[in-house]
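Trainee: One structure coming up, written as structure tokens, with questions to follow.
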Amino acid sequence: MQLGAFLMPAHPASRSLRDGHFHDLDTLEYFDRIGFAEAWIGEHYMMPAEPCPSPDLLIAQAFLRTRQIRLAPGAFMLPFHHPAELAHRICMLDHISDGRLMIGIGASGTVLDLEMFDIDHRAGVHREMTAESIEIMTRFWESEGPFEYRGRFWTVRRPADQLEKATGYHLKPLQKPYPPIGVTGLSASSPTLRLAGENGWLPISFCFTPQYLHTHWAMVEDGAARRGRPAPSRADWRVSRPFFVAETDEEAWRRSVGGEMGRYFREDYLPMLKGNNALGLMKHHPDVPDSDVTVEYVAKHCWITGSPETVADRIAEMQELSGGFGTLHVMCFDHLDELEPTRESHARLAGIAASTFA
């Protein structure tokens, strides 16, 4: 099992955009030093607690300050980008990375973002746009000559070379045919993860209640079978979950529930889920009333906190319930005001992964 990270990135309202950006950059550099294999960075526009409209700005800078870690937008929300422009930006980013780039793609589930771009999410238009966009981008990455694509949402062309001596099309990814693509799933039996299986993409599960993790892998396998693809490898499966590791269970509880991680869930994440009638994503049983879904509840049922021994046992439980996965992502939160204990938590988790699950 490898260790990675997922950054929303989340920051308190008191954190300036500049300070939050450089904190994220320093965090990625730290993860590289302690042996994290990868990190994924979200894209959001209208979520004040997660201000990152262009994850590739952060990623491009991080590639210049890191050596081994693979980085990915997690994800580019394809309805918000012209596919020809994004395809070429990804090419350039892949070359800057020297082949350490991965690409997360999504349709966006953030209602305010979709409304800002005037996309009819209620009719599922954002999902149709996503399918068309990735078809156009892979056409640019894989084809060699001129083409025209006329879709429902975009018409794009690769014109013929205008020079007497053809120079070819130099903006192709460094990785062939293009960087690995990943998609995320959250709900039980997530249909997004079926797409991962159908297309040979990397599946990434957001895990708050591990009891349904096995349904995620079942969807990946189902998607692969539908397309007649080879059986997917569990080594490619990523699972993301909030963690805090301290010397004792009591200290880990105090620092997580009583720190920025707890504040983020209390003031930002849980109210957002409640407003979207989505608190069920946090419940270990459907009969739990919404009023019981507090920070303390999610700390007990959805996070993994505790001593190294406690955390190792609970990771082993996740592996058993899921049937096994290849990379564990720690969901990351702003810790600029709690730098030492949070970095120590990350280092302890890296030690657990290396010593217990190597």
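Naming scheme: A, B, ... for chains in displayed order of the structure tokens; residues 1 onward per chain; ligands 1 onward as shown.
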As a list in words, list the residues of range 50-219 of chain A assigned to strand (DSSP E) by DSSP on the backbone atoms of this structure.
Mentor: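 The strand (DSSP E) subset of range 50-219 of chain A is Arg70, Leu71, Ala72, Pro73, Phe76, Met77, Ile103, Gly104, Ile105, Gly106, Phe147, Glu148, Tyr149, Arg150, Thr155, Val156, Arg157, Arg158, Ile181, Gly182, Val183, Thr184, Gly185, Leu202, Pro203, Ile204, Ser205 and Phe206 of chain A.
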Trainee: Let's see if you can do this: from backbone DSSP, list all helix (DSSP H, G or I) residues in range 199-321 of chain A, as a PyMOL selection string.
Mentor: chain A and resi 199+210-226+234-236+249-257+260-275+279-282+290-292+295-301+308-321
Trainee: Give me, as a PyMOL selection string, all polymer residues having an atom no more than 7 Å from Pro73 in chain A, counting only C-alpha atoms and skipping those fewer than 6 positions away in the same chain.
Mentor: chain A and resi 40-42+55-56+103-104
Trainee: Quick one: residues within 7 Å of Thr130 in chain A, only C-alpha atoms, excluding same-chain residues fewer than 4 positions away - as a PyMOL selection string?
Mentor: chain A and resi 78-79+106-107+126+134
Trainee: Go through A:Pro286, A:Gly262, A:Gly306, A:Pro232 and flag the residue nearest Thr248 in chain A, using only C-alpha atoms for the distances.
Mentor: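 Going through A:Pro286, A:Gly262, A:Gly306, A:Pro232 one by one, the smallest distance to Thr248 in chain A is for A:Gly306.
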Trainee: Write out as a compact mmCIF listing (two decimals) with C-alpha atoms, in the first residue's frame which residues come within 12 Å of Ala87 in chain A when counting only C-alpha atoms, dropping same-chain ones fewer than 3 positions away.
Mentor:
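Saved as result-v4.txt:
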```txt
# COMPACT_ATOMS: atom_id res chain seq x y z
CA PHE A 76 -10.35 19.41 -13.67
CA LEU A 78 -14.42 19.56 -17.70
CA HIS A 81 -13.04 24.46 -19.76
CA HIS A 82 -12.77 24.52 -23.52
CA PRO A 83 -11.38 21.03 -24.30
CA ALA A 84 -8.92 22.21 -26.97
CA ILE A 90 -2.21 19.46 -19.90
CA CYS A 91 0.44 18.71 -22.55
CA MET A 92 2.58 21.57 -21.30
CA LEU A 93 2.10 20.60 -17.66
CA ASP A 94 3.10 17.01 -18.39
CA ILE A 103 -5.14 13.97 -14.51
CA ILE A 105 -11.51 14.65 -14.46
CA SER A 133 -14.78 17.00 -23.54
CA ILE A 134 -12.63 13.96 -22.76
CA GLU A 135 -13.38 12.54 -26.22
CA ILE A 136 -12.08 15.77 -27.79
CA MET A 137 -9.00 15.96 -25.57
CA THR A 138 -7.93 12.37 -26.22
CA ARG A 139 -8.41 13.02 -29.97
CA PHE A 140 -5.85 15.83 -29.72
CA TRP A 141 -3.45 13.66 -27.73
CA GLU A 142 -3.68 10.54 -29.90
CA VAL A 156 -12.92 22.05 -32.61
CA LEU A 171 2.05 19.82 -28.33
CA LYS A 172 1.61 16.22 -27.31
CA PRO A 173 1.90 14.86 -23.76
CA TYR A 178 -1.37 10.75 -22.26
CA PRO A 179 -1.09 10.97 -18.45
```
Trainee: What's the 10 Å shell around Asp32 in chain A, counting only C-alpha atoms, without same-chain residues fewer than 5 positions away, as a PyMOL selection string?
Mentor: chain A and resi 4+26-27+37-39+62+65-70
